[in-house]
>>> print(open('query31.pdb').read())   # PDB, C-alpha atoms
ATOM      1  CA  MET N   1      15.467  12.720  -8.158
ATOM      2  CA  GLY N   2      12.205  11.802  -6.481
ATOM      3  CA  LEU N   3      11.757  10.563  -2.952
ATOM      4  CA  PHE N   4      11.505   6.922  -4.073
ATOM      5  CA  SER N   5      14.234   6.941  -6.709
ATOM      6  CA  ARG N   6      16.836   6.275  -3.993
ATOM      7  CA  ALA N   7      14.978   3.191  -2.732
ATOM      8  CA  THR N   8      17.122   0.125  -2.112
ATOM      9  CA  PHE N   9      16.163  -3.201  -0.589
ATOM     10  CA  PHE N  10      16.802  -3.216   3.170
ATOM     11  CA  THR N  11      15.364  -6.351   4.797
ATOM     12  CA  THR N  12      12.455  -8.775   4.777
ATOM     13  CA  VAL N  13      10.482  -9.692   7.906
ATOM     14  CA  ASN N  14       8.244 -12.706   8.538
ATOM     15  CA  HIS N  15       7.549 -12.192  12.265
ATOM     16  CA  LEU N  16       6.707  -9.051  14.238
ATOM     17  CA  ARG N  17       9.558  -9.798  16.661
ATOM     18  CA  ASP N  18      12.023  -9.337  13.777
ATOM     19  CA  LEU N  19      10.930  -5.791  12.851
ATOM     20  CA  PRO N  20      14.016  -3.570  12.456
ATOM     21  CA  VAL N  21      14.956  -1.031  15.115
ATOM     22  CA  HIS N  22      16.023   2.099  13.264
ATOM     23  CA  GLY N  23      14.507   5.098  15.081
ATOM     24  CA  GLY N  24      13.194   6.517  11.795
ATOM     25  CA  ARG N  25       9.867   6.703   9.951
ATOM     26  CA  GLU N  26       8.023   4.182   7.782
ATOM     27  CA  VAL N  27       5.293   4.388   5.152
ATOM     28  CA  ALA N  28       3.562   1.116   4.296
ATOM     29  CA  PHE N  29       1.868   0.039   1.064
ATOM     30  CA  ALA N  30      -1.057  -2.383   1.316
ATOM     31  CA  GLY N  31      -3.585  -3.679  -1.174
ATOM     32  CA  ARG N  32      -5.680  -6.555  -2.333
ATOM     33  CA  SER N  33      -3.722  -9.102  -4.358
ATOM     34  CA  ASN N  34      -3.709  -8.091  -8.026
ATOM     35  CA  ALA N  35      -4.715  -4.457  -7.367
ATOM     36  CA  GLY N  36      -1.353  -3.258  -8.740
ATOM     37  CA  LYS N  37       0.611  -2.623  -5.529
ATOM     38  CA  SER N  38       4.020  -3.803  -6.755
ATOM     39  CA  SER N  39       3.590  -1.946 -10.048
ATOM     40  CA  ALA N  40       2.716   1.257  -8.164
ATOM     41  CA  ILE N  41       5.835   0.951  -5.966
ATOM     42  CA  ASN N  42       8.042   0.252  -9.003
ATOM     43  CA  THR N  43       6.545   3.225 -10.893
ATOM     44  CA  LEU N  44       7.102   5.606  -7.974
ATOM     45  CA  ALA N  45      10.678   4.332  -7.611
ATOM     46  CA  ASN N  46      11.252   4.476 -11.381
ATOM     47  CA  HIS N  47      12.605   0.950 -11.064
ATOM     48  CA  VAL N  48      11.407  -2.045 -13.062
ATOM     49  CA  ARG N  49      11.867  -4.741 -10.412
ATOM     50  CA  LEU N  50      12.184  -3.102  -7.000
ATOM     51  CA  ALA N  51       8.968  -4.720  -5.735
ATOM     52  CA  TYR N  52       8.194  -8.121  -7.157
ATOM     53  CA  THR N  53       5.328  -8.112  -9.667
ATOM     54  CA  SER N  54       3.875 -11.443 -10.609
ATOM     55  CA  LYS N  55       1.137 -12.973 -12.709
ATOM     56  CA  THR N  56       0.447 -15.036  -9.581
ATOM     57  CA  PRO N  57      -1.139 -12.741  -6.983
ATOM     58  CA  GLY N  58      -0.080 -13.180  -3.391
ATOM     59  CA  ARG N  59       3.664 -13.392  -4.003
ATOM     60  CA  THR N  60       4.574 -10.775  -1.383
ATOM     61  CA  GLN N  61       4.414 -12.979   1.712
ATOM     62  CA  HIS N  62       6.563 -10.968   4.108
ATOM     63  CA  LEU N  63       7.036  -7.346   5.090
ATOM     64  CA  ASN N  64       9.626  -6.100   2.592
ATOM     65  CA  TYR N  65      11.571  -3.015   3.692
ATOM     66  CA  PHE N  66      13.134  -0.541   1.268
ATOM     67  CA  ASP N  67      15.525   2.167   2.483
ATOM     68  CA  LEU N  68      14.692   5.645   1.130
ATOM     69  CA  GLY N  69      17.645   7.323   2.861
ATOM     70  CA  GLU N  70      17.604   9.775   5.786
ATOM     71  CA  ASN N  71      16.232   7.035   8.058
ATOM     72  CA  CYS N  72      12.983   6.724   6.074
ATOM     73  CA  PHE N  73      11.609   3.399   4.876
ATOM     74  CA  LEU N  74       8.951   2.089   2.513
ATOM     75  CA  VAL N  75       7.349  -1.166   3.675
ATOM     76  CA  ASP N  76       5.661  -3.420   1.109
ATOM     77  CA  LEU N  77       2.993  -5.444   2.939
ATOM     78  CA  PRO N  78       1.605  -8.846   1.861
ATOM     79  CA  GLY N  79      -1.289  -8.570  -0.591
ATOM     80  CA  TYR N  80      -4.543  -9.559   1.068
ATOM     81  CA  GLY N  81      -7.509 -11.591  -0.067
ATOM     82  CA  TYR N  82      -5.921 -14.118  -2.367
ATOM     83  CA  ALA N  83      -7.992 -17.279  -2.075
ATOM     84  CA  LYS N  84      -5.546 -19.942  -3.274
ATOM     85  CA  VAL N  85      -3.353 -19.678  -0.203
ATOM     86  CA  PRO N  86      -3.461 -22.390   2.511
ATOM     87  CA  LEU N  87      -5.485 -21.285   5.544
ATOM     88  CA  ASP N  88      -2.574 -21.500   7.997
ATOM     89  CA  ILE N  89      -0.412 -19.265   5.785
ATOM     90  CA  ARG N  90      -3.288 -16.817   5.328
ATOM     91  CA  ALA N  91      -3.837 -16.685   9.095
ATOM     92  CA  HIS N  92      -0.118 -15.952   9.578
ATOM     93  CA  TRP N  93      -0.241 -13.123   7.008
ATOM     94  CA  GLU N  94      -3.324 -11.618   8.626
ATOM     95  CA  GLY N  95      -1.677 -11.682  12.051
ATOM     96  CA  LEU N  96       1.486 -10.121  10.613
ATOM     97  CA  LEU N  97      -0.458  -7.458   8.692
ATOM     98  CA  SER N  98      -2.887  -6.462  11.416
ATOM     99  CA  GLY N  99      -0.217  -6.576  14.140
ATOM    100  CA  TYR N 100       2.112  -4.388  12.103
ATOM    101  CA  ILE N 101      -0.380  -1.711  11.055
ATOM    102  CA  GLN N 102      -2.043  -1.520  14.475
ATOM    103  CA  THR N 103       1.065  -1.426  16.685
ATOM    104  CA  ARG N 104       4.063  -0.168  14.703
ATOM    105  CA  GLU N 105       5.082   3.185  16.197
ATOM    106  CA  ALA N 106       7.480   4.044  13.365
ATOM    107  CA  LEU N 107       4.624   3.784  10.845
ATOM    108  CA  CYS N 108       3.506   7.325   9.950
ATOM    109  CA  GLY N 109       0.998   6.587   7.182
ATOM    110  CA  LEU N 110      -0.563   3.843   5.088
ATOM    111  CA  VAL N 111      -0.999   3.813   1.305
ATOM    112  CA  ILE N 112      -3.812   1.496   0.226
ATOM    113  CA  ILE N 113      -3.882   0.370  -3.389
ATOM    114  CA  MET N 114      -7.335  -0.256  -4.877
ATOM    115  CA  ASP N 115      -8.157  -1.183  -8.472
ATOM    116  CA  THR N 116     -10.214   1.735  -9.855
ATOM    117  CA  ARG N 117     -12.605  -0.799 -11.386
ATOM    118  CA  HIS N 118     -13.232  -2.561  -8.035
ATOM    119  CA  PRO N 119     -12.640  -0.087  -5.183
ATOM    120  CA  LEU N 120     -13.709  -0.447  -1.536
ATOM    121  CA  THR N 121     -13.962  -4.211  -1.401
ATOM    122  CA  GLN N 122     -14.869  -5.833   1.909
ATOM    123  CA  LEU N 123     -11.159  -6.504   2.505
ATOM    124  CA  ASP N 124     -10.227  -2.878   1.786
ATOM    125  CA  GLU N 125     -12.818  -1.781   4.353
ATOM    126  CA  GLN N 126     -11.434  -4.305   6.858
ATOM    127  CA  MET N 127      -7.957  -2.848   6.351
ATOM    128  CA  LEU N 128      -9.301   0.667   7.004
ATOM    129  CA  ASP N 129     -11.139  -0.578  10.111
ATOM    130  CA  TRP N 130      -7.935  -2.172  11.450
ATOM    131  CA  PHE N 131      -5.948   1.025  10.882
ATOM    132  CA  ALA N 132      -8.530   3.614  11.983
ATOM    133  CA  PRO N 133      -7.802   3.391  15.766
ATOM    134  CA  THR N 134      -4.183   4.501  15.178
ATOM    135  CA  GLY N 135      -5.388   7.959  14.053
ATOM    136  CA  LYS N 136      -2.673   7.974  11.369
ATOM    137  CA  PRO N 137      -3.396   9.087   7.796
ATOM    138  CA  VAL N 138      -4.277   6.868   4.837
ATOM    139  CA  HIS N 139      -3.863   7.747   1.174
ATOM    140  CA  VAL N 140      -5.742   5.608  -1.360
ATOM    141  CA  LEU N 141      -4.312   5.116  -4.843
ATOM    142  CA  LEU N 142      -7.020   4.107  -7.318
ATOM    143  CA  THR N 143      -4.736   2.201  -9.683
ATOM    144  CA  LYS N 144      -5.248   1.113 -13.298
ATOM    145  CA  SER N 145      -7.235   4.308 -13.868
ATOM    146  CA  ASP N 146      -6.145   4.181 -17.525
ATOM    147  CA  LYS N 147      -8.476   1.175 -17.962
ATOM    148  CA  LEU N 148     -11.497   3.496 -17.576
ATOM    149  CA  SER N 149     -12.537   6.534 -19.578
ATOM    150  CA  ARG N 150     -11.649   9.837 -17.940
ATOM    151  CA  GLN N 151     -15.338  10.393 -17.107
ATOM    152  CA  GLN N 152     -15.718   6.921 -15.550
ATOM    153  CA  ALA N 153     -12.492   7.343 -13.564
ATOM    154  CA  ASN N 154     -13.573  10.734 -12.218
ATOM    155  CA  MET N 155     -17.009   9.362 -11.273
ATOM    156  CA  THR N 156     -15.327   6.526  -9.367
ATOM    157  CA  LEU N 157     -12.998   8.993  -7.666
ATOM    158  CA  SER N 158     -15.977  11.132  -6.548
ATOM    159  CA  ARG N 159     -17.857   8.094  -5.245
ATOM    160  CA  VAL N 160     -14.860   6.811  -3.274
ATOM    161  CA  LYS N 161     -14.160  10.324  -1.896
ATOM    162  CA  LEU N 162     -17.739  10.592  -0.609
ATOM    163  CA  HIS N 163     -17.606   7.158   1.022
ATOM    164  CA  LEU N 164     -14.263   7.833   2.694
ATOM    165  CA  ALA N 165     -15.346  11.273   3.924
ATOM    166  CA  GLU N 166     -18.364   9.675   5.591
ATOM    167  CA  HIS N 167     -16.760   6.549   7.060
ATOM    168  CA  PHE N 168     -12.977   7.129   7.139
ATOM    169  CA  PRO N 169     -12.315  10.879   7.349
ATOM    170  CA  PHE N 170      -8.568  10.330   7.899
ATOM    171  CA  CYS N 171      -8.255   9.161   4.250
ATOM    172  CA  SER N 172      -7.331  11.021   1.081
ATOM    173  CA  VAL N 173      -7.678   9.483  -2.392
ATOM    174  CA  GLN N 174      -6.438  10.014  -5.945
ATOM    175  CA  LEU N 175      -6.370   8.376  -9.373
ATOM    176  CA  PHE N 176      -3.156   6.558 -10.330
ATOM    177  CA  SER N 177      -1.849   4.619 -13.317
ATOM    178  CA  SER N 178       1.473   2.799 -13.360
ATOM    179  CA  LEU N 179       1.208   2.279 -17.118
ATOM    180  CA  LYS N 180       0.534   5.931 -18.014
ATOM    181  CA  LYS N 181       2.406   7.345 -14.995
ATOM    182  CA  ILE N 182      -0.694   9.272 -13.889
ATOM    183  CA  GLY N 183      -0.732  10.689 -10.350
ATOM    184  CA  MET N 184       2.932  10.120  -9.452
ATOM    185  CA  ASP N 185       3.659  13.683  -8.282
ATOM    186  CA  GLU N 186       0.508  13.834  -6.155
ATOM    187  CA  ALA N 187       1.252  10.503  -4.472
ATOM    188  CA  GLU N 188       4.870  11.407  -3.824
ATOM    189  CA  ALA N 189       3.912  14.788  -2.323
ATOM    190  CA  VAL N 190       1.504  13.169   0.160
ATOM    191  CA  ILE N 191       4.008  10.525   1.261
ATOM    192  CA  ALA N 192       6.922  12.978   1.465
ATOM    193  CA  GLY N 193       4.750  15.144   3.713
ATOM    194  CA  TRP N 194       4.194  12.227   6.115
ATOM    195  CA  LEU N 195       7.892  11.330   6.235
ATOM    196  CA  SER N 196       9.025  14.907   6.876
ATOM    197  CA  ALA N 197       6.335  15.801   9.453
ATOM    198  CA  GLU N 198       7.554  16.361  12.977
TER     199      GLU N 198
END
>>> encode(input="query31.pdb", output="structure tokens")
Amino acid sequence: MGLFSRATFFTTVNHLRDLPVHGGREVAFAGRSNAGKSSAINTLANHVRLAYTSKTPGRTQHLNYFDLGENCFLVDLPGYGYAKVPLDIRAHWEGLLSGYIQTREALCGLVIIMDTRHPLTQLDEQMLDWFAPTGKPVHVLLTKSDKLSRQQANMTLSRVKLHLAEHFPFCSVQLFSSLKKIGMDEAEAVIAGWLSAE
């Protein structure tokens, strides 16, 4: 039984004032729309429909909380950067996202999902910039790594590692594939370490 296999839906939040008071620890998952965030969460949880995957990117519009037991929570954040969303809704999401990741004391680490074929977009960098002042760790999952050859995937991993080491030294990074279940143990070990740290 992995850390995420106990995950059950807990609550959904559309305003910072409604964030739950639980006295525990949270790990949040963020990513550009269509980078494979919901698939990654479902793969880690070994659950087909825990997080909602959709052919229409941008479906996660709230902060969705999942209870992992022992007062630990996974928080699925709205996907960012999807263009076909009305400006007022996008502004609300951005306020919700940035407010949550910059001010949430219970948050002990952030997992950022990036498509291995298009890593470190401008929006990914913005997310890292928003989070950097907290001093909390970030772990990057380079998803859909099965879409590249092993050599291409490893070259991308090396390039992203170098960039993060130079600009965002609080970040670690790994290859991940929901389809081939690559990188699950590594990801779970990092996140479990955050949740159990004193």
>>> residues_around(input="query31.pdb", residues="Ala28 in chain N", least_positions_apart="4", cutoff="6 Å", atoms="all atoms listed in the file", output="PyMOL selection string")
chain N and resi 74-76+110
>>> resolve_selection(input="query31.pdb", expression="the PyMOL selection byres ((chain N and resi 140-149) around 6)", output="list in words")
Val111, Ile112, Ile113, Met114, Asp115, Thr116, His139, Arg150, Gln151, Gln152, Ala153, Val173, Gln174, Leu175, Phe176 and Ser177 of chain N
>>> resolve_selection(input="query31.pdb", expression="the PyMOL selection byres ((chain N and resi 5) around 9)", output="PyMOL selection string")
chain N and resi 1-4+6-8+44-47+68
>>> closest_residue(input="query31.pdb", among="N:Lys181, N:His62, N:His118, N:His167", to="Trp93 in chain N", atoms="only C-alpha atoms")
N:His62
>>> closest_residue(input="query31.pdb", among="N:Val27, N:Leu164, N:Leu77, N:Val21", to="Ser196 in chain N", atoms="all atoms listed in the file")
N:Val27
>>> residues_around(input="query31.pdb", residues="range 98-107 of chain N", least_positions_apart="6", cutoff="6 Å", atoms="all atoms listed in the file", output="list in words")
Arg25, Glu26, Val27 and Phe131 of chain N
>>> closest_residue(input="query31.pdb", among="N:Ile182, N:Thr121, N:Pro20, N:Phe9", to="Phe66 in chain N", atoms="only C-alpha atoms")
N:Phe9
>>> closest_residue(input="query31.pdb", among="N:Asn14, N:Ser33, N:Thr134, N:Ser178", to="His92 in chain N", atoms="only C-alpha atoms")
N:Asn14
>>> axis_aligned_box(input="query31.pdb", around="range 104-119 of chain N", padding_each_side="4 Å", output="JSON")
{"center_x": -2.9, "center_y": 2.4, "center_z": 2.4, "size_x": 28.7, "size_y": 17.9, "size_z": 35.6}
>>> residues_around(input="query31.pdb", residues="Phe10 in chain N", least_positions_apart="4", cutoff="8 Å", atoms="all atoms listed in the file", output="list in words")
Asn64, Tyr65, Phe66 and Asp67 of chain N
>>> atom_distance(input="query31.pdb", atom1="CA of Met155 in chain N", atom2="CA of Ala132 in chain N")
25.4 Å
>>> closest_residue(input="query31.pdb", among="N:Leu96, N:Cys108, N:Ala35, N:Leu120", to="Arg159 in chain N", atoms="all atoms listed in the file")
N:Leu120
>>> closest_residue(input="query31.pdb", among="N:Pro133, N:Gly69, N:Gly31, N:Gly109", to="Gly81 in chain N", atoms="all atoms listed in the file")
N:Gly31
>>> atom_distance(input="query31.pdb", atom1="CA of Trp130 in chain N", atom2="CA of Asp185 in chain N")
27.8 Å
>>> residues_near_point(input="query31.pdb", point="(-8.7, 12.3, 4.5)", cutoff="9 Å", atoms="only C-alpha atoms", output="list of chain:residue names")
N:Pro137, N:Val138, N:His139, N:Lys161, N:Leu164, N:Ala165, N:Phe168, N:Pro169, N:Phe170, N:Cys171, N:Ser172, N:Val173
>>> decode(input="query31.pdb", residues="range 145-181 of chain N", atoms="N, CA, C and O atoms", output="JSON list (two decimals), in the first residue's frame")
[["chain", "number", "residue", "atom", "x", "y", "z"],
["N", 145, "SER", "N", 7.25, 10.88, -20.37],
["N", 145, "SER", "CA", 8.62, 10.59, -20.79],
["N", 145, "SER", "C", 8.67, 9.41, -21.75],
["N", 145, "SER", "O", 9.65, 9.23, -22.49],
["N", 146, "ASP", "N", 7.60, 8.59, -21.76],
["N", 146, "ASP", "CA", 7.55, 7.46, -22.70],
["N", 146, "ASP", "C", 7.40, 7.92, -24.14],
["N", 146, "ASP", "O", 7.60, 7.13, -25.06],
["N", 147, "LYS", "N", 7.05, 9.20, -24.35],
["N", 147, "LYS", "CA", 6.86, 9.71, -25.72],
["N", 147, "LYS", "C", 8.21, 10.03, -26.37],
["N", 147, "LYS", "O", 8.27, 10.33, -27.56],
["N", 148, "LEU", "N", 9.29, 10.02, -25.59],
["N", 148, "LEU", "CA", 10.63, 10.27, -26.12],
["N", 148, "LEU", "C", 11.45, 8.99, -26.03],
["N", 148, "LEU", "O", 11.15, 8.10, -25.24],
["N", 149, "SER", "N", 12.50, 8.91, -26.84],
["N", 149, "SER", "CA", 13.44, 7.79, -26.68],
["N", 149, "SER", "C", 14.14, 7.96, -25.32],
["N", 149, "SER", "O", 14.15, 9.06, -24.76],
["N", 150, "ARG", "N", 14.71, 6.88, -24.83],
["N", 150, "ARG", "CA", 15.39, 6.95, -23.54],
["N", 150, "ARG", "C", 16.50, 8.00, -23.58],
["N", 150, "ARG", "O", 16.68, 8.77, -22.63],
["N", 151, "GLN", "N", 17.24, 8.05, -24.70],
["N", 151, "GLN", "CA", 18.33, 9.02, -24.84],
["N", 151, "GLN", "C", 17.79, 10.46, -24.82],
["N", 151, "GLN", "O", 18.33, 11.32, -24.12],
["N", 152, "GLN", "N", 16.72, 10.70, -25.58],
["N", 152, "GLN", "CA", 16.12, 12.05, -25.60],
["N", 152, "GLN", "C", 15.62, 12.45, -24.22],
["N", 152, "GLN", "O", 15.81, 13.57, -23.77],
["N", 153, "ALA", "N", 14.96, 11.50, -23.55],
["N", 153, "ALA", "CA", 14.41, 11.79, -22.21],
["N", 153, "ALA", "C", 15.53, 12.12, -21.23],
["N", 153, "ALA", "O", 15.42, 13.08, -20.46],
["N", 154, "ASN", "N", 16.61, 11.36, -21.28],
["N", 154, "ASN", "CA", 17.73, 11.61, -20.36],
["N", 154, "ASN", "C", 18.43, 12.93, -20.67],
["N", 154, "ASN", "O", 18.89, 13.63, -19.76],
["N", 155, "MET", "N", 18.50, 13.29, -21.96],
["N", 155, "MET", "CA", 19.08, 14.59, -22.33],
["N", 155, "MET", "C", 18.22, 15.74, -21.79],
["N", 155, "MET", "O", 18.73, 16.72, -21.27],
["N", 156, "THR", "N", 16.90, 15.58, -21.91],
["N", 156, "THR", "CA", 15.99, 16.60, -21.38],
["N", 156, "THR", "C", 16.13, 16.70, -19.87],
["N", 156, "THR", "O", 16.20, 17.81, -19.31],
["N", 157, "LEU", "N", 16.20, 15.56, -19.21],
["N", 157, "LEU", "CA", 16.36, 15.54, -17.76],
["N", 157, "LEU", "C", 17.64, 16.29, -17.35],
["N", 157, "LEU", "O", 17.62, 17.12, -16.44],
["N", 158, "SER", "N", 18.74, 16.03, -18.05],
["N", 158, "SER", "CA", 20.01, 16.70, -17.73],
["N", 158, "SER", "C", 19.91, 18.21, -17.93],
["N", 158, "SER", "O", 20.39, 18.99, -17.10],
["N", 159, "ARG", "N", 19.25, 18.60, -19.02],
["N", 159, "ARG", "CA", 19.12, 20.03, -19.33],
["N", 159, "ARG", "C", 18.27, 20.74, -18.26],
["N", 159, "ARG", "O", 18.62, 21.83, -17.78],
["N", 160, "VAL", "N", 17.17, 20.11, -17.87],
["N", 160, "VAL", "CA", 16.29, 20.71, -16.86],
["N", 160, "VAL", "C", 17.00, 20.76, -15.51],
["N", 160, "VAL", "O", 16.93, 21.76, -14.79],
["N", 161, "LYS", "N", 17.75, 19.69, -15.17],
["N", 161, "LYS", "CA", 18.51, 19.66, -13.91],
["N", 161, "LYS", "C", 19.49, 20.83, -13.84],
["N", 161, "LYS", "O", 19.60, 21.49, -12.80],
["N", 162, "LEU", "N", 20.21, 21.06, -14.94],
["N", 162, "LEU", "CA", 21.19, 22.15, -14.97],
["N", 162, "LEU", "C", 20.52, 23.50, -14.77],
["N", 162, "LEU", "O", 20.98, 24.34, -14.01],
["N", 163, "HIS", "N", 19.40, 23.71, -15.46],
["N", 163, "HIS", "CA", 18.68, 24.98, -15.37],
["N", 163, "HIS", "C", 18.17, 25.21, -13.95],
["N", 163, "HIS", "O", 18.30, 26.31, -13.40],
["N", 164, "LEU", "N", 17.59, 24.17, -13.36],
["N", 164, "LEU", "CA", 17.05, 24.30, -12.01],
["N", 164, "LEU", "C", 18.16, 24.55, -11.00],
["N", 164, "LEU", "O", 18.02, 25.38, -10.10],
["N", 165, "ALA", "N", 19.28, 23.84, -11.15],
["N", 165, "ALA", "CA", 20.40, 24.02, -10.22],
["N", 165, "ALA", "C", 20.90, 25.46, -10.24],
["N", 165, "ALA", "O", 21.27, 26.02, -9.21],
["N", 166, "GLU", "N", 20.86, 26.07, -11.42],
["N", 166, "GLU", "CA", 21.35, 27.45, -11.56],
["N", 166, "GLU", "C", 20.35, 28.47, -11.05],
["N", 166, "GLU", "O", 20.71, 29.43, -10.37],
["N", 167, "HIS", "N", 19.08, 28.27, -11.37],
["N", 167, "HIS", "CA", 18.07, 29.31, -11.09],
["N", 167, "HIS", "C", 17.16, 28.99, -9.89],
["N", 167, "HIS", "O", 16.66, 29.91, -9.25],
["N", 168, "PHE", "N", 16.91, 27.71, -9.64],
["N", 168, "PHE", "CA", 15.96, 27.31, -8.59],
["N", 168, "PHE", "C", 16.56, 26.14, -7.81],
["N", 168, "PHE", "O", 16.11, 25.00, -7.94],
["N", 169, "PRO", "N", 17.58, 26.40, -6.99],
["N", 169, "PRO", "CA", 18.30, 25.31, -6.34],
["N", 169, "PRO", "C", 17.49, 24.51, -5.32],
["N", 169, "PRO", "O", 17.95, 23.46, -4.87],
["N", 170, "PHE", "N", 16.28, 24.96, -5.01],
["N", 170, "PHE", "CA", 15.42, 24.22, -4.07],
["N", 170, "PHE", "C", 14.62, 23.14, -4.78],
["N", 170, "PHE", "O", 13.76, 22.50, -4.18],
["N", 171, "CYS", "N", 14.88, 22.93, -6.09],
["N", 171, "CYS", "CA", 14.11, 21.98, -6.89],
["N", 171, "CYS", "C", 14.86, 20.68, -7.14],
["N", 171, "CYS", "O", 16.06, 20.71, -7.40],
["N", 172, "SER", "N", 14.14, 19.57, -7.12],
["N", 172, "SER", "CA", 14.65, 18.30, -7.65],
["N", 172, "SER", "C", 13.78, 17.94, -8.85],
["N", 172, "SER", "O", 12.70, 18.50, -9.05],
["N", 173, "VAL", "N", 14.24, 17.00, -9.67],
["N", 173, "VAL", "CA", 13.51, 16.67, -10.90],
["N", 173, "VAL", "C", 13.73, 15.21, -11.27],
["N", 173, "VAL", "O", 14.77, 14.62, -10.94],
["N", 174, "GLN", "N", 12.73, 14.62, -11.91],
["N", 174, "GLN", "CA", 12.83, 13.22, -12.35],
["N", 174, "GLN", "C", 11.97, 13.02, -13.59],
["N", 174, "GLN", "O", 11.09, 13.82, -13.91],
["N", 175, "LEU", "N", 12.22, 11.91, -14.28],
["N", 175, "LEU", "CA", 11.35, 11.48, -15.38],
["N", 175, "LEU", "C", 10.16, 10.71, -14.81],
["N", 175, "LEU", "O", 10.28, 10.04, -13.78],
["N", 176, "PHE", "N", 9.01, 10.82, -15.50],
["N", 176, "PHE", "CA", 7.79, 10.17, -15.02],
["N", 176, "PHE", "C", 6.93, 9.81, -16.23],
["N", 176, "PHE", "O", 6.88, 10.54, -17.21],
["N", 177, "SER", "N", 6.26, 8.68, -16.15],
["N", 177, "SER", "CA", 5.28, 8.32, -17.18],
["N", 177, "SER", "C", 4.10, 7.64, -16.52],
["N", 177, "SER", "O", 4.26, 6.60, -15.87],
["N", 178, "SER", "N", 2.92, 8.24, -16.67],
["N", 178, "SER", "CA", 1.70, 7.62, -16.13],
["N", 178, "SER", "C", 1.37, 6.35, -16.90],
["N", 178, "SER", "O", 0.95, 5.35, -16.32],
["N", 179, "LEU", "N", 1.59, 6.38, -18.21],
["N", 179, "LEU", "CA", 1.24, 5.25, -19.07],
["N", 179, "LEU", "C", 2.09, 4.03, -18.73],
["N", 179, "LEU", "O", 1.58, 2.92, -18.53],
["N", 180, "LYS", "N", 3.41, 4.23, -18.62],
["N", 180, "LYS", "CA", 4.33, 3.11, -18.38],
["N", 180, "LYS", "C", 4.68, 2.94, -16.89],
["N", 180, "LYS", "O", 5.49, 2.09, -16.54],
["N", 181, "LYS", "N", 4.08, 3.79, -16.06],
["N", 181, "LYS", "CA", 4.33, 3.75, -14.61],
["N", 181, "LYS", "C", 5.82, 3.89, -14.27],
["N", 181, "LYS", "O", 6.36, 3.19, -13.42]]
